[in-house]
Amino acid sequence: MNLRKYFIMGSQNCDHSPEDILEEAAKAGITAFQFREKGGGSLTGQDKLALGYRLRNICARHHVLFFVNDDIDLAEPLEADGIHVGQDDMRPEKVKEMYPNKIIGLSVSNQKEVENSPIQLADYLGAGPIFTTSTKEDAKQAVGTEWIKTLKQQYPGTPIVGIGGITEQNAAFVMEAGADGVAVISAIAGADNIETVIRRL
Ligand SMILES: Cc1ncc(COP(=O)(O)OP(=O)(O)O)c(N)n1
Ligand SMILES: Cc1nc(C(=O)O)sc1CCOP(=O)(O)O
Ligand SMILES: [Mg+2]
């Protein structure tokens, strides 16, 4: 499982075609993608599903891991490789029961969340927000790269991706803290030159 360059996106993050953005990102070397159709201006129902299919197919053609965010009912029709859930989403125990063979990603932002989570069921942890972000409407306060070091000390065998406010300029600090990858939305979805940003990440 390669989470080194993990791109997350929904149509609400795009100022032009999401398919074109993902195609360019996939060609440039992202290793994982999460379909996160969520928040103001996002699609719902059949439109959401149809976009999910198109994005899933782009990932399949480029051998990029495909994850769905929150909406676990999309995992089967979209043949997702995995599902990412946070603290307010379906519990990992239930996700595991429904999809024993899919990769499970779990968000943890502080020690209390770690203590309340079945970390052993998570195939990777999303740690953040590392830096300040305005992309997620309900983002918590930035926790800094120390949070990655803390998690890595406790769970050395569990892959960790940093998320939140990560750019080509600060990604190296996240990796130096021990992360296995960086997860980004705006750094790629809003890039003038997607290929350059992905190379530098
Ligand atoms: C890789 C990764 N890490 C963290 C998150 C955040 O998940 P969550 O806290 O459930 O918030 P939403 O993304 O659902 O708004 C993520 N999506 N991906
Ligand atoms: C989806 C998400 N989850 C976060 C967390 O802290 O768990 S921060 C975040 C938004 C990431 O967007 P950007 O790369 O544009 O900052
Ligand atoms: Mg969630």
# chains A, B, ... in the order shown; residues from 1 in each chain; ligands from 1
$ residues_around --residues "range 186-191 of chain A" --least-positions-apart "5" --cutoff "7 Å" --atoms "only C-alpha atoms" --output "ChimeraX atom specification"
/A:13-14,21,167,197
$ residues_around --residues "range 92-100 of chain A" --least-positions-apart "6" --cutoff "12 Å" --atoms "only C-alpha atoms" --output "list of chain:residue names"
A:Asp70, A:Asp71, A:Ile72, A:Asp73, A:Leu74, A:Ala75, A:Glu76, A:Glu79, A:Ala80, A:Asp81, A:Gly82, A:Ile83, A:His84, A:Val85, A:Gly86, A:Leu106, A:Ser107, A:Asn116, A:Ser117, A:Pro118, A:Ile119, A:Gln120, A:Leu121, A:Ala122, A:Asp123, A:Tyr124, A:Leu125
$ write_last_selection --atoms "N, CA and C atoms" --output "tab-separated table (two decimals), in the first residue's frame"
chain	number	residue	atom	x	y	z
A	70	ASP	N	-16.09	8.63	4.00
A	70	ASP	CA	-17.34	8.65	4.79
A	70	ASP	C	-18.44	7.71	4.27
A	71	ASP	N	-18.80	7.88	3.00
A	71	ASP	CA	-20.00	7.29	2.45
A	71	ASP	C	-19.73	5.83	2.09
A	72	ILE	N	-19.83	4.97	3.11
A	72	ILE	CA	-19.39	3.59	2.88
A	72	ILE	C	-20.27	2.84	1.88
A	73	ASP	N	-21.48	3.35	1.64
A	73	ASP	CA	-22.35	2.69	0.64
A	73	ASP	C	-21.79	2.81	-0.77
A	74	LEU	N	-20.84	3.73	-0.96
A	74	LEU	CA	-20.23	3.87	-2.29
A	74	LEU	C	-19.11	2.84	-2.51
A	75	ALA	N	-18.65	2.24	-1.42
A	75	ALA	CA	-17.46	1.39	-1.52
A	75	ALA	C	-17.68	0.20	-2.45
A	76	GLU	N	-18.85	-0.41	-2.36
A	76	GLU	CA	-19.10	-1.58	-3.20
A	76	GLU	C	-19.33	-1.22	-4.67
A	79	GLU	N	-16.24	-0.19	-6.27
A	79	GLU	CA	-15.13	-1.16	-6.11
A	79	GLU	C	-13.91	-0.49	-5.51
A	80	ALA	N	-14.16	0.24	-4.43
A	80	ALA	CA	-13.07	0.97	-3.77
A	80	ALA	C	-12.05	0.00	-3.17
A	81	ASP	N	-10.79	0.42	-3.18
A	81	ASP	CA	-9.76	-0.36	-2.49
A	81	ASP	C	-9.90	-0.18	-0.98
A	82	GLY	N	-10.43	1.00	-0.59
A	82	GLY	CA	-10.52	1.26	0.83
A	82	GLY	C	-11.50	2.37	1.16
A	83	ILE	N	-11.66	2.57	2.47
A	83	ILE	CA	-12.64	3.54	2.99
A	83	ILE	C	-11.93	4.37	4.05
A	84	HIS	N	-12.14	5.69	4.02
A	84	HIS	CA	-11.57	6.52	5.08
A	84	HIS	C	-12.70	7.04	5.97
A	85	VAL	N	-12.58	6.78	7.27
A	85	VAL	CA	-13.56	7.27	8.23
A	85	VAL	C	-12.88	8.09	9.32
A	86	GLY	N	-13.66	9.06	9.84
A	86	GLY	CA	-13.18	9.89	10.94
A	86	GLY	C	-13.93	9.57	12.22
A	106	LEU	N	-8.27	5.72	9.17
A	106	LEU	CA	-8.95	6.35	10.32
A	106	LEU	C	-8.26	7.65	10.69
A	107	SER	N	-9.05	8.72	10.90
A	107	SER	CA	-8.48	10.01	11.33
A	107	SER	C	-8.31	10.05	12.84
A	116	ASN	N	-9.95	6.41	22.24
A	116	ASN	CA	-11.33	5.99	21.95
A	116	ASN	C	-11.46	5.22	20.64
A	117	SER	N	-10.33	4.90	20.01
A	117	SER	CA	-10.39	4.28	18.68
A	117	SER	C	-9.77	2.88	18.67
A	118	PRO	N	-10.32	1.98	17.86
A	118	PRO	CA	-9.71	0.65	17.70
A	118	PRO	C	-8.58	0.75	16.67
A	119	ILE	N	-7.44	1.27	17.11
A	119	ILE	CA	-6.34	1.55	16.18
A	119	ILE	C	-5.90	0.28	15.46
A	120	GLN	N	-6.01	-0.86	16.15
A	120	GLN	CA	-5.55	-2.12	15.54
A	120	GLN	C	-6.36	-2.49	14.29
A	121	LEU	N	-7.54	-1.90	14.14
A	121	LEU	CA	-8.36	-2.20	12.95
A	121	LEU	C	-8.03	-1.28	11.78
A	122	ALA	N	-7.27	-0.23	12.06
A	122	ALA	CA	-6.94	0.73	10.99
A	122	ALA	C	-5.71	0.26	10.23
A	123	ASP	N	-5.80	0.30	8.91
A	123	ASP	CA	-4.64	-0.06	8.07
A	123	ASP	C	-3.71	1.13	7.92
A	124	TYR	N	-4.24	2.32	8.10
A	124	TYR	CA	-3.41	3.53	8.18
A	124	TYR	C	-4.15	4.58	8.99
A	125	LEU	N	-3.38	5.56	9.48
A	125	LEU	CA	-3.97	6.67	10.24
A	125	LEU	C	-3.80	7.98	9.48
$ residues_around --residues "Arg54 in chain A" --least-positions-apart "6" --cutoff "10 Å" --atoms "only C-alpha atoms" --output "list of chain:residue names"
A:Pro18, A:Glu19, A:Leu78
$ write_last_selection --atoms "N, CA and C atoms" --output "compact mmCIF listing (two decimals), in the first residue's frame"
# COMPACT_ATOMS: atom_id res chain seq x y z
N PRO A 18 -13.19 17.87 -12.67
CA PRO A 18 -12.51 16.96 -11.73
C PRO A 18 -11.82 15.81 -12.45
N GLU A 19 -12.42 15.35 -13.54
CA GLU A 19 -11.82 14.24 -14.29
C GLU A 19 -10.48 14.66 -14.87
N LEU A 78 -18.46 1.31 -6.33
CA LEU A 78 -17.26 1.90 -6.94
C LEU A 78 -16.04 0.98 -6.85
$ residues_around --residues "Thr145 in chain A" --least-positions-apart "6" --cutoff "10 Å" --atoms "only C-alpha atoms" --output "CSV table (one decimal) with C-alpha atoms, in the first residue's frame"
chain,number,residue,atom,x,y,z
A,127,ALA,CA,-3.1,12.6,11.3
A,128,GLY,CA,-4.1,16.2,11.2
A,129,PRO,CA,-4.7,19.0,10.6
A,130,ILE,CA,-0.9,19.3,10.7
A,131,PHE,CA,-1.0,23.0,9.5
A,162,GLY,CA,-0.2,13.8,7.5
A,173,PHE,CA,8.7,18.6,7.4
A,174,VAL,CA,5.8,16.1,7.5
A,175,MET,CA,8.0,13.4,6.0
A,176,GLU,CA,10.9,14.2,8.3
A,177,ALA,CA,8.6,13.8,11.3
A,178,GLY,CA,8.1,10.2,10.3
A,179,ALA,CA,5.0,10.2,8.0
$ residues_near_ligand --ligand "ligand 1" --cutoff "10 Å" --atoms "only C-alpha atoms and all ligand atoms" --output "ChimeraX atom specification"
/A:3,6-9,32-39,67-71,83-90,105-109,124-129,135-140,160-164,181-185
$ write_last_selection --atoms "N, CA and C atoms" --output "compact mmCIF listing (two decimals), in the first residue's frame"
# COMPACT_ATOMS: atom_id res chain seq x y z
N LEU A 3 1.01 5.12 0.15
CA LEU A 3 0.22 6.32 0.46
C LEU A 3 1.09 7.58 0.38
N TYR A 6 -0.93 11.24 -1.60
CA TYR A 6 -2.33 10.87 -1.44
C TYR A 6 -3.18 12.11 -1.75
N PHE A 7 -3.86 12.06 -2.88
CA PHE A 7 -4.68 13.19 -3.33
C PHE A 7 -6.13 12.95 -2.93
N ILE A 8 -6.76 13.99 -2.36
CA ILE A 8 -8.17 13.91 -1.95
C ILE A 8 -8.91 15.00 -2.71
N MET A 9 -10.11 14.67 -3.21
CA MET A 9 -10.81 15.68 -4.02
C MET A 9 -12.27 15.31 -4.20
N ALA A 32 -2.28 7.45 -4.35
CA ALA A 32 -3.60 7.12 -3.79
C ALA A 32 -4.52 8.30 -4.01
N PHE A 33 -5.82 7.97 -4.10
CA PHE A 33 -6.83 9.02 -4.30
C PHE A 33 -8.03 8.73 -3.42
N GLN A 34 -8.59 9.78 -2.83
CA GLN A 34 -9.82 9.65 -2.02
C GLN A 34 -10.92 10.52 -2.64
N PHE A 35 -12.04 9.89 -2.93
CA PHE A 35 -13.22 10.60 -3.45
C PHE A 35 -13.96 11.18 -2.25
N ARG A 36 -13.87 12.51 -2.11
CA ARG A 36 -14.48 13.19 -0.95
C ARG A 36 -15.42 14.27 -1.46
N GLU A 37 -16.62 13.83 -1.81
CA GLU A 37 -17.63 14.72 -2.37
C GLU A 37 -18.46 15.20 -1.18
N LYS A 38 -18.10 16.39 -0.67
CA LYS A 38 -18.61 16.78 0.64
C LYS A 38 -18.51 18.28 0.82
N GLY A 39 -19.51 18.89 1.46
CA GLY A 39 -19.45 20.32 1.75
C GLY A 39 -20.20 21.14 0.72
N PHE A 67 -9.92 5.34 -2.73
CA PHE A 67 -10.63 5.30 -1.44
C PHE A 67 -11.92 6.12 -1.54
N VAL A 68 -12.93 5.73 -0.78
CA VAL A 68 -14.09 6.59 -0.62
C VAL A 68 -14.07 7.19 0.79
N ASN A 69 -14.53 8.42 0.88
CA ASN A 69 -14.58 9.10 2.16
C ASN A 69 -15.99 9.01 2.75
N ASP A 70 -16.09 8.63 4.00
CA ASP A 70 -17.34 8.65 4.79
C ASP A 70 -18.44 7.71 4.27
N ASP A 71 -18.80 7.88 3.00
CA ASP A 71 -20.00 7.29 2.45
C ASP A 71 -19.73 5.83 2.09
N ILE A 83 -11.66 2.57 2.47
CA ILE A 83 -12.64 3.54 2.99
C ILE A 83 -11.93 4.37 4.05
N HIS A 84 -12.14 5.69 4.02
CA HIS A 84 -11.57 6.52 5.08
C HIS A 84 -12.70 7.04 5.97
N VAL A 85 -12.58 6.78 7.27
CA VAL A 85 -13.56 7.27 8.23
C VAL A 85 -12.88 8.09 9.32
N GLY A 86 -13.66 9.06 9.84
CA GLY A 86 -13.18 9.89 10.94
C GLY A 86 -13.93 9.57 12.22
N GLN A 87 -13.72 10.40 13.21
CA GLN A 87 -14.30 10.14 14.53
C GLN A 87 -15.81 10.26 14.56
N ASP A 88 -16.39 11.01 13.62
CA ASP A 88 -17.85 11.19 13.60
C ASP A 88 -18.52 10.31 12.55
N ASP A 89 -17.78 9.40 11.98
CA ASP A 89 -18.31 8.54 10.91
C ASP A 89 -18.60 7.14 11.45
N MET A 90 -18.91 6.23 10.54
CA MET A 90 -19.14 4.84 10.96
C MET A 90 -17.90 4.31 11.69
N GLY A 105 -8.91 3.43 6.57
CA GLY A 105 -8.15 4.58 7.05
C GLY A 105 -8.96 5.28 8.13
N LEU A 106 -8.27 5.72 9.17
CA LEU A 106 -8.95 6.35 10.32
C LEU A 106 -8.26 7.65 10.69
N SER A 107 -9.05 8.72 10.90
CA SER A 107 -8.48 10.01 11.33
C SER A 107 -8.31 10.05 12.84
N VAL A 108 -7.15 10.52 13.27
CA VAL A 108 -6.96 10.80 14.70
C VAL A 108 -6.23 12.13 14.85
N SER A 109 -6.83 13.01 15.65
CA SER A 109 -6.28 14.36 15.79
C SER A 109 -5.67 14.62 17.15
N TYR A 124 -4.24 2.32 8.10
CA TYR A 124 -3.41 3.53 8.18
C TYR A 124 -4.15 4.58 8.99
N LEU A 125 -3.38 5.56 9.48
CA LEU A 125 -3.97 6.67 10.24
C LEU A 125 -3.80 7.98 9.48
N GLY A 126 -4.83 8.80 9.47
CA GLY A 126 -4.74 10.16 8.93
C GLY A 126 -4.53 11.10 10.10
N ALA A 127 -3.42 11.80 10.14
CA ALA A 127 -3.06 12.64 11.29
C ALA A 127 -3.15 14.11 10.90
N GLY A 128 -4.04 14.83 11.57
CA GLY A 128 -4.12 16.23 11.20
C GLY A 128 -5.19 16.99 11.96
N PRO A 129 -5.40 18.26 11.66
CA PRO A 129 -4.66 18.99 10.63
C PRO A 129 -3.25 19.35 11.12
N THR A 135 -9.72 24.39 3.86
CA THR A 135 -10.44 23.52 2.93
C THR A 135 -11.55 22.73 3.62
N LYS A 136 -11.28 22.30 4.86
CA LYS A 136 -12.29 21.52 5.59
C LYS A 136 -13.07 22.48 6.49
N GLU A 137 -14.39 22.49 6.31
CA GLU A 137 -15.22 23.47 7.03
C GLU A 137 -15.12 23.29 8.55
N ASP A 138 -15.07 22.05 9.02
CA ASP A 138 -15.06 21.80 10.47
C ASP A 138 -13.69 21.30 10.94
N ALA A 139 -12.62 21.81 10.32
CA ALA A 139 -11.27 21.35 10.72
C ALA A 139 -10.98 21.75 12.16
N LYS A 140 -10.22 20.89 12.83
CA LYS A 140 -9.80 21.20 14.20
C LYS A 140 -8.60 22.12 14.15
N ILE A 160 1.23 6.16 8.55
CA ILE A 160 0.60 7.43 8.95
C ILE A 160 0.73 8.42 7.80
N VAL A 161 -0.41 9.06 7.46
CA VAL A 161 -0.32 10.15 6.49
C VAL A 161 -0.68 11.46 7.19
N GLY A 162 0.12 12.47 6.95
CA GLY A 162 -0.19 13.81 7.46
C GLY A 162 -1.20 14.45 6.54
N ILE A 163 -2.08 15.29 7.11
CA ILE A 163 -3.09 15.99 6.30
C ILE A 163 -3.36 17.36 6.91
N GLY A 164 -3.73 18.30 6.06
CA GLY A 164 -4.14 19.62 6.51
C GLY A 164 -3.09 20.68 6.27
N GLY A 181 3.38 9.36 4.24
CA GLY A 181 2.87 10.06 3.07
C GLY A 181 2.20 11.36 3.46
N VAL A 182 1.88 12.14 2.42
CA VAL A 182 1.17 13.41 2.65
C VAL A 182 -0.15 13.36 1.88
N ALA A 183 -1.22 13.77 2.55
CA ALA A 183 -2.54 13.82 1.92
C ALA A 183 -2.90 15.29 1.71
N VAL A 184 -3.26 15.63 0.47
CA VAL A 184 -3.53 17.05 0.15
C VAL A 184 -4.78 17.19 -0.71
N ILE A 185 -5.45 18.31 -0.52
CA ILE A 185 -6.54 18.68 -1.43
C ILE A 185 -6.10 19.89 -2.25
$ closest_residue --among "A:His62, A:Arg200, A:Lys152, A:Lys102" --to "Lys27 in chain A" --atoms "only C-alpha atoms"
A:His62
